[in-house]
Amino acid sequence: MFEEMTEQQAREQILEMTKEYCEKYHNQKKPYEKGDRIPYASRVYDADEMVNLVDSSLEFWLTSGRFTKEFESEFAKYLGVKYCSLVNSGSSANLLAFMALTSPLLKERQILPGDEVITVAAGFPTTVAPVIQYGAVPVFVDVAIPQYNIDPNLLEQAVSEKTKAVMLAHTLGNPFDLKAVKDFCDRHNLWLIEDNCDALGSRYTIDGESRLTGTIGDIGTSSFYPPHHMTMGEGGAVYTKNPLLHKIVRSFRDWGRDCVCAPGQDNLCGHRFERQYGELPLGYDHKYVYSHFGYNLKATDMQAAVGCAQLRKFPSFVERRIHNFNYLKEALKGTEDKLILPEACENSEPSWFGFLITCREGVDRNQLVQKIEEKGVQTRMLFAGNLIKHPCFDQMRATGKGYRVAGSLENTDRIMTDTFWIGVYPGMTDAMLDAMADAIKEALE
């Protein structure tokens with residue numbers, strides 16, 4: 001069918017057919033009907049993403065390429081930061097963000113094994129896992145309900161002479177108290193990593209300026225796993241305004257190498273065979289000089305291609321998430337005697353990932369959740385609930401080593417036993433939101 005065509009003409013025909021295919025077989029979705037299953041999250045996409053994906057696949061570059069460069073540039077522009085590095089998952093983003101702070105290039109601020117990092121146990125494990133895997137010590141602080149973020153009043157009792165950083169997630173889109181946490185970090189000369197994987201598009205007003213979460217601390221991270229605010233299947237990003245941190249992040253992402261050439265690029269610096277590194281021979285090929293013990297955590301260009309299309313839609317996703325959250329909260333009015341409904345952090349505009357609910361005394365969370373699920377509404381726990389209660393902590397709990405708890409984790413334990421959440425993803429209609437609210441109210445009867 002391509003006999004009389006140039007490669008460009010053939011490509012254009014393939015992409016036009018891809019668009020038609022998507023519109024016929026993917027975009028014709030059955031409208032919601034009462035009784036249909038309502039998932040907590042789902043992908044929202046159209047032909048733009050599929051066309052980009054096929055366009056990238058036809059090049060068959062596979063690794064990071066032109067779409068990666070475009071995504072990193074446009075995502076950084078959206079966030080208002082200078083540097084962005086695309087990676088293969090949000091968990092990898094957290095790994096890179098933390099490991100960047102272990103670089104010897106940071107001198108006296110380098111995190112060393114045995115140093116402490118303040119965090120919370122009420123969250124997702126990959127916010128904490130890199131700390132433990134490196135041999136640093138997580139210090140767990142309790143959270144507040146109904147914001148579900150760290151209680152900043154407890155920070156001072158968590159700090160010690162070994163503390164080097166604070167690493168926290170914005171819980172389900174709700175920013176933590178960035179003013180209080182940032183002031184604490186500045187006062188004690190600590191790094192601040194914002195795990196922004198569940199909060200992309202959330203805003204926080206600090207010093208009179210409304211800024212996107214993930215851009216106020218030293219490093220921010222995002223995830224593009226399908227349930228998240230935008231998706232490229234698997235994928236994540238690390239971003240910063242600090243050029244040294246960016247250089248370190250890129251090194252750890254790209255095998256730990258010292259060279260900054262992009263894939264397929266040689267001798268960007270013009271001194272590839274001229275310099276001395278470590279105890280290597282003078283002129284050793286700079287492409288194979290390693291300044292860190294790194295990884296290969298790059299994403300593919302096909303993932304980036306999907307992300308480029310998603311990013312153009314992203315502002316509308318945020319608007320819909322905010323609408324869905326507000327609609328659901330209004331629809332659940334009258335249940336406050338049995339349920340604690342979520343509240344935004346002061347000075348914030350959350351881009352909600354989910355709608356958190358805590359059962360009051362006398363309401364059994366497990367029974368309530370099962371009744372809601374039976375009515376077709378998908379529910380989720382607040383991830384680990386209390387991470388230190390999980391099997392991965394068995395050996396550390398037995399020895400009392402490897403982590404520290406500052407004060408009690410009373411609210412964290414309550415979240416573990418009494419809290420769940422439902423979705424507010426942008427593909428939800430008002431009819432679906434009404435059905436979820438009705439399911440919860442009926443289950444409470």
# chains A, B, ... in the order shown; residues from 1 in each chain; ligands from 1
>>> closest_atom_pairs(of="range 109-181 of chain A", to="range 213-224 of chain A", cutoff="12 Å", atoms="only C-alpha atoms", output="CSV")
residue,atom,partner,partner_atom,distance
A:Thr126,CA,A:Ser223,CA,11.4
A:Thr127,CA,A:Thr221,CA,10.1
A:Ala165,CA,A:Asp218,CA,10.1
A:Val166,CA,A:Gly217,CA,9.6
A:Met167,CA,A:Gly217,CA,9.6
A:Leu168,CA,A:Gly220,CA,10.0
A:Ala169,CA,A:Thr221,CA,9.3
A:His170,CA,A:Thr213,CA,8.1
A:Thr171,CA,A:Thr213,CA,11.5
A:Gly173,CA,A:Thr213,CA,9.2
A:Asn174,CA,A:Thr213,CA,9.6
A:Pro175,CA,A:Thr213,CA,7.0
A:Phe176,CA,A:Thr213,CA,9.3
A:Asp177,CA,A:Thr213,CA,10.8
A:Leu178,CA,A:Ile216,CA,7.7
A:Lys179,CA,A:Ile216,CA,9.3
A:Ala180,CA,A:Gly217,CA,11.9
A:Val181,CA,A:Gly217,CA,9.3
>>> residues_around(residues="Arg11 in chain A", least_positions_apart="6", cutoff="12 Å", atoms="only C-alpha atoms", output="MDAnalysis selection string")
chainID A and resid 1:2 5 17:18 51:52 54:59
>>> residues_around(residues="Asn267 in chain A", least_positions_apart="6", cutoff="12 Å", atoms="only C-alpha atoms", output="VMD selection string")
chain A and resid 259 to 261 273 to 274 285 to 288
>>> write_last_selection(atoms="all heavy atoms", output="PDB file, in the first residue's frame")
ATOM      1  N   CYS A 259      29.634  12.007  32.446  1.00  0.00           N
ATOM      2  CA  CYS A 259      29.313  12.651  31.170  1.00  0.00           C
ATOM      3  C   CYS A 259      27.837  13.058  31.131  1.00  0.00           C
ATOM      4  O   CYS A 259      26.975  12.370  31.675  1.00  0.00           O
ATOM      5  CB  CYS A 259      29.621  11.675  30.042  1.00  0.00           C
ATOM      6  SG  CYS A 259      29.178  12.246  28.393  1.00  0.00           S
ATOM      7  N   VAL A 260      27.553  14.172  30.443  1.00  0.00           N
ATOM      8  CA  VAL A 260      26.177  14.650  30.344  1.00  0.00           C
ATOM      9  C   VAL A 260      25.632  14.547  28.928  1.00  0.00           C
ATOM     10  O   VAL A 260      24.546  15.058  28.636  1.00  0.00           O
ATOM     11  CB  VAL A 260      26.056  16.118  30.835  1.00  0.00           C
ATOM     12  CG1 VAL A 260      26.438  16.226  32.299  1.00  0.00           C
ATOM     13  CG2 VAL A 260      26.918  17.059  29.978  1.00  0.00           C
ATOM     14  N   CYS A 261      26.311  13.875  28.028  1.00  0.00           N
ATOM     15  CA  CYS A 261      25.823  13.720  26.654  1.00  0.00           C
ATOM     16  C   CYS A 261      24.511  12.925  26.647  1.00  0.00           C
ATOM     17  O   CYS A 261      24.354  11.953  27.391  1.00  0.00           O
ATOM     18  CB  CYS A 261      26.844  12.980  25.790  1.00  0.00           C
ATOM     19  SG  CYS A 261      28.296  13.968  25.363  1.00  0.00           S
ATOM     20  N   PHE A 273      38.508  13.301  25.383  1.00  0.00           N
ATOM     21  CA  PHE A 273      39.726  12.502  25.552  1.00  0.00           C
ATOM     22  C   PHE A 273      40.887  13.318  26.117  1.00  0.00           C
ATOM     23  O   PHE A 273      42.046  13.000  25.863  1.00  0.00           O
ATOM     24  CB  PHE A 273      40.135  11.890  24.197  1.00  0.00           C
ATOM     25  CG  PHE A 273      39.101  10.992  23.601  1.00  0.00           C
ATOM     26  CD1 PHE A 273      38.340  11.411  22.517  1.00  0.00           C
ATOM     27  CD2 PHE A 273      38.877   9.725  24.119  1.00  0.00           C
ATOM     28  CE1 PHE A 273      37.389  10.580  21.949  1.00  0.00           C
ATOM     29  CE2 PHE A 273      37.923   8.886  23.555  1.00  0.00           C
ATOM     30  CZ  PHE A 273      37.170   9.318  22.473  1.00  0.00           C
ATOM     31  N   GLU A 274      40.581  14.373  26.898  1.00  0.00           N
ATOM     32  CA  GLU A 274      41.645  15.284  27.302  1.00  0.00           C
ATOM     33  C   GLU A 274      41.874  15.399  28.802  1.00  0.00           C
ATOM     34  O   GLU A 274      42.881  15.958  29.220  1.00  0.00           O
ATOM     35  CB  GLU A 274      41.344  16.699  26.766  1.00  0.00           C
ATOM     36  CG  GLU A 274      41.294  16.796  25.250  1.00  0.00           C
ATOM     37  CD  GLU A 274      40.903  18.191  24.775  1.00  0.00           C
ATOM     38  OE1 GLU A 274      40.860  19.111  25.618  1.00  0.00           O
ATOM     39  OE2 GLU A 274      40.600  18.353  23.577  1.00  0.00           O
ATOM     40  N   ASP A 285      38.281   7.971  28.085  1.00  0.00           N
ATOM     41  CA  ASP A 285      37.008   8.370  27.457  1.00  0.00           C
ATOM     42  C   ASP A 285      35.991   8.809  28.510  1.00  0.00           C
ATOM     43  O   ASP A 285      35.540   8.012  29.342  1.00  0.00           O
ATOM     44  CB  ASP A 285      36.460   7.190  26.648  1.00  0.00           C
ATOM     45  CG  ASP A 285      35.250   7.564  25.805  1.00  0.00           C
ATOM     46  OD1 ASP A 285      34.695   8.667  25.982  1.00  0.00           O
ATOM     47  OD2 ASP A 285      34.847   6.726  24.968  1.00  0.00           O
ATOM     48  N   HIS A 286      35.622  10.090  28.450  1.00  0.00           N
ATOM     49  CA  HIS A 286      34.725  10.660  29.453  1.00  0.00           C
ATOM     50  C   HIS A 286      33.352   9.983  29.458  1.00  0.00           C
ATOM     51  O   HIS A 286      32.658   9.983  30.482  1.00  0.00           O
ATOM     52  CB  HIS A 286      34.564  12.174  29.213  1.00  0.00           C
ATOM     53  CG  HIS A 286      33.866  12.884  30.324  1.00  0.00           C
ATOM     54  ND1 HIS A 286      33.025  13.947  30.110  1.00  0.00           N
ATOM     55  CD2 HIS A 286      33.876  12.687  31.671  1.00  0.00           C
ATOM     56  CE1 HIS A 286      32.546  14.385  31.269  1.00  0.00           C
ATOM     57  NE2 HIS A 286      33.051  13.636  32.224  1.00  0.00           N
ATOM     58  N   LYS A 287      32.948   9.391  28.350  1.00  0.00           N
ATOM     59  CA  LYS A 287      31.649   8.705  28.312  1.00  0.00           C
ATOM     60  C   LYS A 287      31.616   7.509  29.257  1.00  0.00           C
ATOM     61  O   LYS A 287      30.536   7.001  29.597  1.00  0.00           O
ATOM     62  CB  LYS A 287      31.329   8.231  26.888  1.00  0.00           C
ATOM     63  CG  LYS A 287      30.908   9.350  25.942  1.00  0.00           C
ATOM     64  CD  LYS A 287      30.479   8.819  24.591  1.00  0.00           C
ATOM     65  CE  LYS A 287      29.125   8.140  24.648  1.00  0.00           C
ATOM     66  NZ  LYS A 287      28.006   9.095  24.859  1.00  0.00           N
ATOM     67  N   TYR A 288      32.783   7.056  29.678  1.00  0.00           N
ATOM     68  CA  TYR A 288      32.847   5.898  30.562  1.00  0.00           C
ATOM     69  C   TYR A 288      33.556   6.216  31.873  1.00  0.00           C
ATOM     70  O   TYR A 288      34.259   5.382  32.440  1.00  0.00           O
ATOM     71  CB  TYR A 288      33.500   4.720  29.832  1.00  0.00           C
ATOM     72  CG  TYR A 288      32.617   4.236  28.712  1.00  0.00           C
ATOM     73  CD1 TYR A 288      32.832   4.674  27.412  1.00  0.00           C
ATOM     74  CD2 TYR A 288      31.536   3.408  28.965  1.00  0.00           C
ATOM     75  CE1 TYR A 288      31.997   4.274  26.380  1.00  0.00           C
ATOM     76  CE2 TYR A 288      30.692   2.994  27.946  1.00  0.00           C
ATOM     77  CZ  TYR A 288      30.929   3.438  26.652  1.00  0.00           C
ATOM     78  OH  TYR A 288      30.092   3.039  25.634  1.00  0.00           O
TER      79      TYR A 288
END
>>> select_by_dssp(residues="range 153-363 of chain A", states="strand (DSSP E)", output="PDB file with N, CA, C and O atoms, in the first residue's frame")
ATOM      1  N   THR A 163      20.157  14.588  61.877  1.00  0.00           N
ATOM      2  CA  THR A 163      19.134  14.863  60.865  1.00  0.00           C
ATOM      3  C   THR A 163      19.732  15.628  59.691  1.00  0.00           C
ATOM      4  O   THR A 163      20.407  16.641  59.873  1.00  0.00           O
ATOM      5  N   LYS A 164      19.461  15.152  58.479  1.00  0.00           N
ATOM      6  CA  LYS A 164      19.981  15.804  57.275  1.00  0.00           C
ATOM      7  C   LYS A 164      18.884  16.255  56.311  1.00  0.00           C
ATOM      8  O   LYS A 164      19.123  17.105  55.464  1.00  0.00           O
ATOM      9  N   ALA A 165      17.677  15.652  56.420  1.00  0.00           N
ATOM     10  CA  ALA A 165      16.652  15.950  55.419  1.00  0.00           C
ATOM     11  C   ALA A 165      15.263  15.648  55.945  1.00  0.00           C
ATOM     12  O   ALA A 165      15.089  14.927  56.942  1.00  0.00           O
ATOM     13  N   VAL A 166      14.280  16.201  55.245  1.00  0.00           N
ATOM     14  CA  VAL A 166      12.868  15.872  55.438  1.00  0.00           C
ATOM     15  C   VAL A 166      12.347  15.412  54.078  1.00  0.00           C
ATOM     16  O   VAL A 166      12.565  16.074  53.063  1.00  0.00           O
ATOM     17  N   MET A 167      11.686  14.249  54.052  1.00  0.00           N
ATOM     18  CA  MET A 167      11.129  13.714  52.808  1.00  0.00           C
ATOM     19  C   MET A 167       9.678  13.341  53.063  1.00  0.00           C
ATOM     20  O   MET A 167       9.386  12.397  53.799  1.00  0.00           O
ATOM     21  N   LEU A 168       8.761  14.091  52.436  1.00  0.00           N
ATOM     22  CA  LEU A 168       7.330  13.941  52.715  1.00  0.00           C
ATOM     23  C   LEU A 168       6.522  13.966  51.432  1.00  0.00           C
ATOM     24  O   LEU A 168       6.869  14.668  50.482  1.00  0.00           O
ATOM     25  N   ALA A 169       5.408  13.237  51.442  1.00  0.00           N
ATOM     26  CA  ALA A 169       4.456  13.286  50.338  1.00  0.00           C
ATOM     27  C   ALA A 169       3.305  14.228  50.688  1.00  0.00           C
ATOM     28  O   ALA A 169       2.945  14.391  51.855  1.00  0.00           O
ATOM     29  N   TRP A 191      17.725  19.432  53.936  1.00  0.00           N
ATOM     30  CA  TRP A 191      17.142  19.289  52.607  1.00  0.00           C
ATOM     31  C   TRP A 191      15.649  18.988  52.734  1.00  0.00           C
ATOM     32  O   TRP A 191      15.223  18.336  53.696  1.00  0.00           O
ATOM     33  N   LEU A 192      14.865  19.412  51.743  1.00  0.00           N
ATOM     34  CA  LEU A 192      13.440  19.085  51.698  1.00  0.00           C
ATOM     35  C   LEU A 192      13.109  18.465  50.349  1.00  0.00           C
ATOM     36  O   LEU A 192      13.257  19.101  49.297  1.00  0.00           O
ATOM     37  N   ILE A 193      12.676  17.207  50.384  1.00  0.00           N
ATOM     38  CA  ILE A 193      12.174  16.522  49.186  1.00  0.00           C
ATOM     39  C   ILE A 193      10.657  16.472  49.270  1.00  0.00           C
ATOM     40  O   ILE A 193      10.100  15.973  50.256  1.00  0.00           O
ATOM     41  N   GLU A 194       9.989  16.986  48.230  1.00  0.00           N
ATOM     42  CA  GLU A 194       8.534  16.900  48.132  1.00  0.00           C
ATOM     43  C   GLU A 194       8.171  15.729  47.214  1.00  0.00           C
ATOM     44  O   GLU A 194       8.391  15.794  46.019  1.00  0.00           O
ATOM     45  N   ASP A 195       7.623  14.685  47.806  1.00  0.00           N
ATOM     46  CA  ASP A 195       7.050  13.605  47.008  1.00  0.00           C
ATOM     47  C   ASP A 195       5.695  14.115  46.510  1.00  0.00           C
ATOM     48  O   ASP A 195       4.712  14.143  47.245  1.00  0.00           O
ATOM     49  N   ARG A 203      -1.576  23.574  44.477  1.00  0.00           N
ATOM     50  CA  ARG A 203      -0.907  24.855  44.688  1.00  0.00           C
ATOM     51  C   ARG A 203      -0.890  25.184  46.184  1.00  0.00           C
ATOM     52  O   ARG A 203      -1.770  24.775  46.943  1.00  0.00           O
ATOM     53  N   TYR A 204       0.142  25.951  46.553  1.00  0.00           N
ATOM     54  CA  TYR A 204       0.285  26.389  47.948  1.00  0.00           C
ATOM     55  C   TYR A 204       0.796  27.825  47.930  1.00  0.00           C
ATOM     56  O   TYR A 204       1.737  28.151  47.183  1.00  0.00           O
ATOM     57  N   THR A 205       0.173  28.672  48.722  1.00  0.00           N
ATOM     58  CA  THR A 205       0.586  30.071  48.789  1.00  0.00           C
ATOM     59  C   THR A 205       1.592  30.250  49.915  1.00  0.00           C
ATOM     60  O   THR A 205       1.281  30.003  51.088  1.00  0.00           O
ATOM     61  N   ILE A 206       2.793  30.647  49.542  1.00  0.00           N
ATOM     62  CA  ILE A 206       3.869  30.841  50.512  1.00  0.00           C
ATOM     63  C   ILE A 206       4.533  32.186  50.237  1.00  0.00           C
ATOM     64  O   ILE A 206       4.834  32.519  49.093  1.00  0.00           O
ATOM     65  N   GLU A 209       2.974  34.199  47.474  1.00  0.00           N
ATOM     66  CA  GLU A 209       3.018  33.712  46.096  1.00  0.00           C
ATOM     67  C   GLU A 209       2.415  32.315  46.010  1.00  0.00           C
ATOM     68  O   GLU A 209       2.760  31.431  46.783  1.00  0.00           O
ATOM     69  N   SER A 210       1.479  32.122  45.068  1.00  0.00           N
ATOM     70  CA  SER A 210       0.898  30.813  44.832  1.00  0.00           C
ATOM     71  C   SER A 210       1.837  30.012  43.947  1.00  0.00           C
ATOM     72  O   SER A 210       2.122  30.396  42.807  1.00  0.00           O
ATOM     73  N   ARG A 211       2.306  28.876  44.469  1.00  0.00           N
ATOM     74  CA  ARG A 211       3.260  28.052  43.724  1.00  0.00           C
ATOM     75  C   ARG A 211       2.782  26.610  43.670  1.00  0.00           C
ATOM     76  O   ARG A 211       2.050  26.140  44.548  1.00  0.00           O
ATOM     77  N   LEU A 212       3.197  25.908  42.627  1.00  0.00           N
ATOM     78  CA  LEU A 212       2.847  24.501  42.501  1.00  0.00           C
ATOM     79  C   LEU A 212       3.642  23.661  43.490  1.00  0.00           C
ATOM     80  O   LEU A 212       4.840  23.902  43.705  1.00  0.00           O
ATOM     81  N   ILE A 219      13.910  19.415  45.968  1.00  0.00           N
ATOM     82  CA  ILE A 219      13.640  18.485  44.872  1.00  0.00           C
ATOM     83  C   ILE A 219      12.177  18.065  44.953  1.00  0.00           C
ATOM     84  O   ILE A 219      11.642  17.843  46.042  1.00  0.00           O
ATOM     85  N   GLY A 220      11.531  17.930  43.786  1.00  0.00           N
ATOM     86  CA  GLY A 220      10.178  17.394  43.721  1.00  0.00           C
ATOM     87  C   GLY A 220      10.145  16.164  42.834  1.00  0.00           C
ATOM     88  O   GLY A 220      10.987  15.991  41.946  1.00  0.00           O
ATOM     89  N   THR A 221       9.162  15.296  43.084  1.00  0.00           N
ATOM     90  CA  THR A 221       9.024  14.082  42.276  1.00  0.00           C
ATOM     91  C   THR A 221       7.581  13.913  41.825  1.00  0.00           C
ATOM     92  O   THR A 221       6.645  14.329  42.510  1.00  0.00           O
ATOM     93  N   SER A 222       7.400  13.284  40.665  1.00  0.00           N
ATOM     94  CA  SER A 222       6.060  12.965  40.161  1.00  0.00           C
ATOM     95  C   SER A 222       6.021  11.536  39.651  1.00  0.00           C
ATOM     96  O   SER A 222       7.052  10.958  39.298  1.00  0.00           O
ATOM     97  N   SER A 223       4.806  10.984  39.609  1.00  0.00           N
ATOM     98  CA  SER A 223       4.564   9.656  39.050  1.00  0.00           C
ATOM     99  C   SER A 223       3.544   9.773  37.931  1.00  0.00           C
ATOM    100  O   SER A 223       2.582  10.535  38.026  1.00  0.00           O
ATOM    101  N   GLY A 236       7.909   8.682  35.548  1.00  0.00           N
ATOM    102  CA  GLY A 236       8.007   9.615  36.663  1.00  0.00           C
ATOM    103  C   GLY A 236       8.939  10.748  36.286  1.00  0.00           C
ATOM    104  O   GLY A 236       9.503  10.771  35.185  1.00  0.00           O
ATOM    105  N   ALA A 237       9.100  11.695  37.189  1.00  0.00           N
ATOM    106  CA  ALA A 237       9.984  12.827  36.926  1.00  0.00           C
ATOM    107  C   ALA A 237      10.574  13.329  38.232  1.00  0.00           C
ATOM    108  O   ALA A 237       9.959  13.229  39.300  1.00  0.00           O
ATOM    109  N   VAL A 238      11.782  13.876  38.115  1.00  0.00           N
ATOM    110  CA  VAL A 238      12.466  14.546  39.227  1.00  0.00           C
ATOM    111  C   VAL A 238      12.760  15.966  38.764  1.00  0.00           C
ATOM    112  O   VAL A 238      13.251  16.162  37.650  1.00  0.00           O
ATOM    113  N   TYR A 239      12.451  16.955  39.599  1.00  0.00           N
ATOM    114  CA  TYR A 239      12.655  18.335  39.168  1.00  0.00           C
ATOM    115  C   TYR A 239      13.202  19.189  40.301  1.00  0.00           C
ATOM    116  O   TYR A 239      12.995  18.922  41.488  1.00  0.00           O
ATOM    117  N   THR A 240      13.922  20.231  39.885  1.00  0.00           N
ATOM    118  CA  THR A 240      14.611  21.086  40.844  1.00  0.00           C
ATOM    119  C   THR A 240      14.989  22.404  40.177  1.00  0.00           C
ATOM    120  O   THR A 240      15.051  22.492  38.945  1.00  0.00           O
ATOM    121  N   LEU A 339     -18.859  10.115  59.901  1.00  0.00           N
ATOM    122  CA  LEU A 339     -17.629  10.143  59.106  1.00  0.00           C
ATOM    123  C   LEU A 339     -16.904  11.465  59.281  1.00  0.00           C
ATOM    124  O   LEU A 339     -17.534  12.516  59.413  1.00  0.00           O
ATOM    125  N   ILE A 340     -15.573  11.415  59.255  1.00  0.00           N
ATOM    126  CA  ILE A 340     -14.759  12.628  59.198  1.00  0.00           C
ATOM    127  C   ILE A 340     -14.408  12.842  57.735  1.00  0.00           C
ATOM    128  O   ILE A 340     -13.771  11.996  57.099  1.00  0.00           O
ATOM    129  N   SER A 348      -3.819  26.410  50.756  1.00  0.00           N
ATOM    130  CA  SER A 348      -3.585  25.506  49.629  1.00  0.00           C
ATOM    131  C   SER A 348      -4.800  25.420  48.713  1.00  0.00           C
ATOM    132  O   SER A 348      -5.924  25.702  49.111  1.00  0.00           O
ATOM    133  N   GLU A 349      -4.521  24.998  47.463  1.00  0.00           N
ATOM    134  CA  GLU A 349      -5.556  24.657  46.482  1.00  0.00           C
ATOM    135  C   GLU A 349      -5.202  23.275  45.951  1.00  0.00           C
ATOM    136  O   GLU A 349      -4.468  23.145  44.972  1.00  0.00           O
ATOM    137  N   GLY A 354      -7.688  11.796  45.586  1.00  0.00           N
ATOM    138  CA  GLY A 354      -8.760  10.973  46.116  1.00  0.00           C
ATOM    139  C   GLY A 354      -9.490  11.689  47.226  1.00  0.00           C
ATOM    140  O   GLY A 354      -9.097  12.775  47.662  1.00  0.00           O
ATOM    141  N   PHE A 355     -10.567  11.074  47.692  1.00  0.00           N
ATOM    142  CA  PHE A 355     -11.426  11.646  48.726  1.00  0.00           C
ATOM    143  C   PHE A 355     -11.305  10.759  49.958  1.00  0.00           C
ATOM    144  O   PHE A 355     -11.845   9.649  50.022  1.00  0.00           O
ATOM    145  N   LEU A 356     -10.583  11.242  50.952  1.00  0.00           N
ATOM    146  CA  LEU A 356     -10.299  10.472  52.165  1.00  0.00           C
ATOM    147  C   LEU A 356     -11.436  10.583  53.180  1.00  0.00           C
ATOM    148  O   LEU A 356     -11.969  11.670  53.414  1.00  0.00           O
ATOM    149  N   ILE A 357     -11.743   9.449  53.795  1.00  0.00           N
ATOM    150  CA  ILE A 357     -12.819   9.382  54.777  1.00  0.00           C
ATOM    151  C   ILE A 357     -12.330   8.590  55.983  1.00  0.00           C
ATOM    152  O   ILE A 357     -11.754   7.504  55.828  1.00  0.00           O
ATOM    153  N   THR A 358     -12.557   9.114  57.174  1.00  0.00           N
ATOM    154  CA  THR A 358     -12.235   8.389  58.407  1.00  0.00           C
ATOM    155  C   THR A 358     -13.518   8.113  59.177  1.00  0.00           C
ATOM    156  O   THR A 358     -14.339   9.021  59.379  1.00  0.00           O
ATOM    157  N   CYS A 359     -13.697   6.884  59.580  1.00  0.00           N
ATOM    158  CA  CYS A 359     -14.894   6.493  60.322  1.00  0.00           C
ATOM    159  C   CYS A 359     -14.792   6.963  61.771  1.00  0.00           C
ATOM    160  O   CYS A 359     -13.757   6.806  62.420  1.00  0.00           O
TER     161      CYS A 359
END
>>> residues_around(residues="range 135-150 of chain A", least_positions_apart="5", cutoff="6 Å", atoms="only C-alpha atoms", output="PyMOL selection string")
chain A and resi 113-121+176+342-343+402-406+409
>>> closest_residue(among="A:Arg187, A:Arg321, A:Lys247, A:Lys313", to="His292 in chain A", atoms="only C-alpha atoms")
A:Lys247
>>> closest_residue(among="A:Asn88, A:Asn386, A:Thr335, A:Asn242", to="Glu445 in chain A", atoms="only C-alpha atoms")
A:Thr335
>>> residues_around(residues="Gly385 in chain A", least_positions_apart="3", cutoff="9 Å", atoms="only C-alpha atoms", output="ChimeraX atom specification")
/A:121-124,381-382,389,412-417,419
>>> write_last_selection(atoms="C-alpha atoms", output="mmCIF file, in the first residue's frame")
data_model
loop_
_atom_site.group_PDB
_atom_site.id
_atom_site.type_symbol
_atom_site.label_atom_id
_atom_site.label_comp_id
_atom_site.auth_asym_id
_atom_site.auth_seq_id
_atom_site.Cartn_x
_atom_site.Cartn_y
_atom_site.Cartn_z
ATOM 1 C CA ALA A 121 4.570 6.227 58.266
ATOM 2 C CA ALA A 122 1.087 7.036 56.916
ATOM 3 C CA GLY A 123 1.815 6.865 53.221
ATOM 4 C CA PHE A 124 3.285 4.924 50.324
ATOM 5 C CA MET A 381 -6.749 2.241 51.949
ATOM 6 C CA LEU A 382 -4.393 5.146 52.606
ATOM 7 C CA LYS A 389 3.451 -2.420 61.157
ATOM 8 C CA THR A 412 -1.275 7.073 62.002
ATOM 9 C CA ASP A 413 -2.661 4.014 63.775
ATOM 10 C CA ARG A 414 -6.164 5.412 63.536
ATOM 11 C CA ILE A 415 -5.762 5.846 59.781
ATOM 12 C CA MET A 416 -4.629 2.227 59.601
ATOM 13 C CA THR A 417 -7.859 1.031 61.253
ATOM 14 C CA THR A 419 -9.618 5.390 57.056
#
>>> select_by_dssp(residues="range 236-396 of chain A", states="alpha helix (DSSP H)", output="CSV table (one decimal) with C-alpha atoms, in the first residue's frame")
chain,number,residue,atom,x,y,z
A,243,PRO,CA,21.8,23.1,38.9
A,244,LEU,CA,24.1,21.0,41.1
A,245,LEU,CA,21.3,18.8,42.3
A,246,HIS,CA,20.1,18.4,38.7
A,247,LYS,CA,23.6,17.4,37.6
A,248,ILE,CA,23.7,14.7,40.4
A,249,VAL,CA,20.2,13.5,39.5
A,250,ARG,CA,21.1,13.0,35.9
A,251,SER,CA,24.3,11.2,36.9
A,252,PHE,CA,22.5,8.7,39.2
A,253,ARG,CA,19.7,8.2,36.6
A,301,ASP,CA,10.6,7.8,24.2
A,302,MET,CA,7.3,6.1,23.6
A,303,GLN,CA,6.3,6.8,27.2
A,304,ALA,CA,7.4,10.4,26.8
A,305,ALA,CA,5.3,10.7,23.6
A,306,VAL,CA,2.2,9.7,25.6
A,307,GLY,CA,3.2,12.2,28.3
A,308,CYS,CA,3.5,15.1,25.9
A,309,ALA,CA,-0.1,14.6,24.8
A,310,GLN,CA,-1.3,14.2,28.4
A,311,LEU,CA,0.5,17.3,29.5
A,312,ARG,CA,-1.5,19.4,27.0
A,313,LYS,CA,-4.7,18.2,28.6
A,314,PHE,CA,-3.5,18.4,32.1
A,315,PRO,CA,-4.9,21.7,33.3
A,316,SER,CA,-8.4,20.4,32.5
A,317,PHE,CA,-7.7,17.3,34.5
A,318,VAL,CA,-7.0,19.5,37.5
A,319,GLU,CA,-10.1,21.5,37.1
A,320,ARG,CA,-12.2,18.3,37.0
A,321,ARG,CA,-10.6,16.8,40.0
A,322,ILE,CA,-11.3,19.9,42.0
A,323,HIS,CA,-14.9,19.9,40.8
A,324,ASN,CA,-15.4,16.2,41.6
A,325,PHE,CA,-14.0,16.6,45.1
A,326,ASN,CA,-16.2,19.6,45.9
A,327,TYR,CA,-19.2,17.9,44.5
A,328,LEU,CA,-18.6,14.8,46.5
A,329,LYS,CA,-18.1,16.7,49.7
A,330,GLU,CA,-21.4,18.6,49.2
A,331,ALA,CA,-23.2,15.3,48.4
A,365,ARG,CA,-14.4,0.7,58.6
A,366,ASN,CA,-14.1,-2.9,57.2
A,367,GLN,CA,-17.8,-3.5,57.2
A,368,LEU,CA,-18.5,-0.1,55.7
A,369,VAL,CA,-16.0,-0.6,52.9
A,370,GLN,CA,-17.4,-4.0,52.1
A,371,LYS,CA,-20.9,-2.6,51.8
A,372,ILE,CA,-19.7,0.2,49.5
A,373,GLU,CA,-17.7,-2.3,47.4
A,374,GLU,CA,-20.8,-4.5,47.0
A,394,ASP,CA,9.6,-7.3,61.0
A,395,GLN,CA,13.3,-7.6,61.4
A,396,MET,CA,13.8,-3.9,62.3
>>> closest_residue(among="A:Val128, A:Val289, A:Met428, A:Ala262", to="Phe393 in chain A", atoms="only C-alpha atoms")
A:Val128
>>> closest_residue(among="A:Lys441, A:Arg380, A:His271, A:His390", to="Pro39 in chain A", atoms="only C-alpha atoms")
A:Arg380
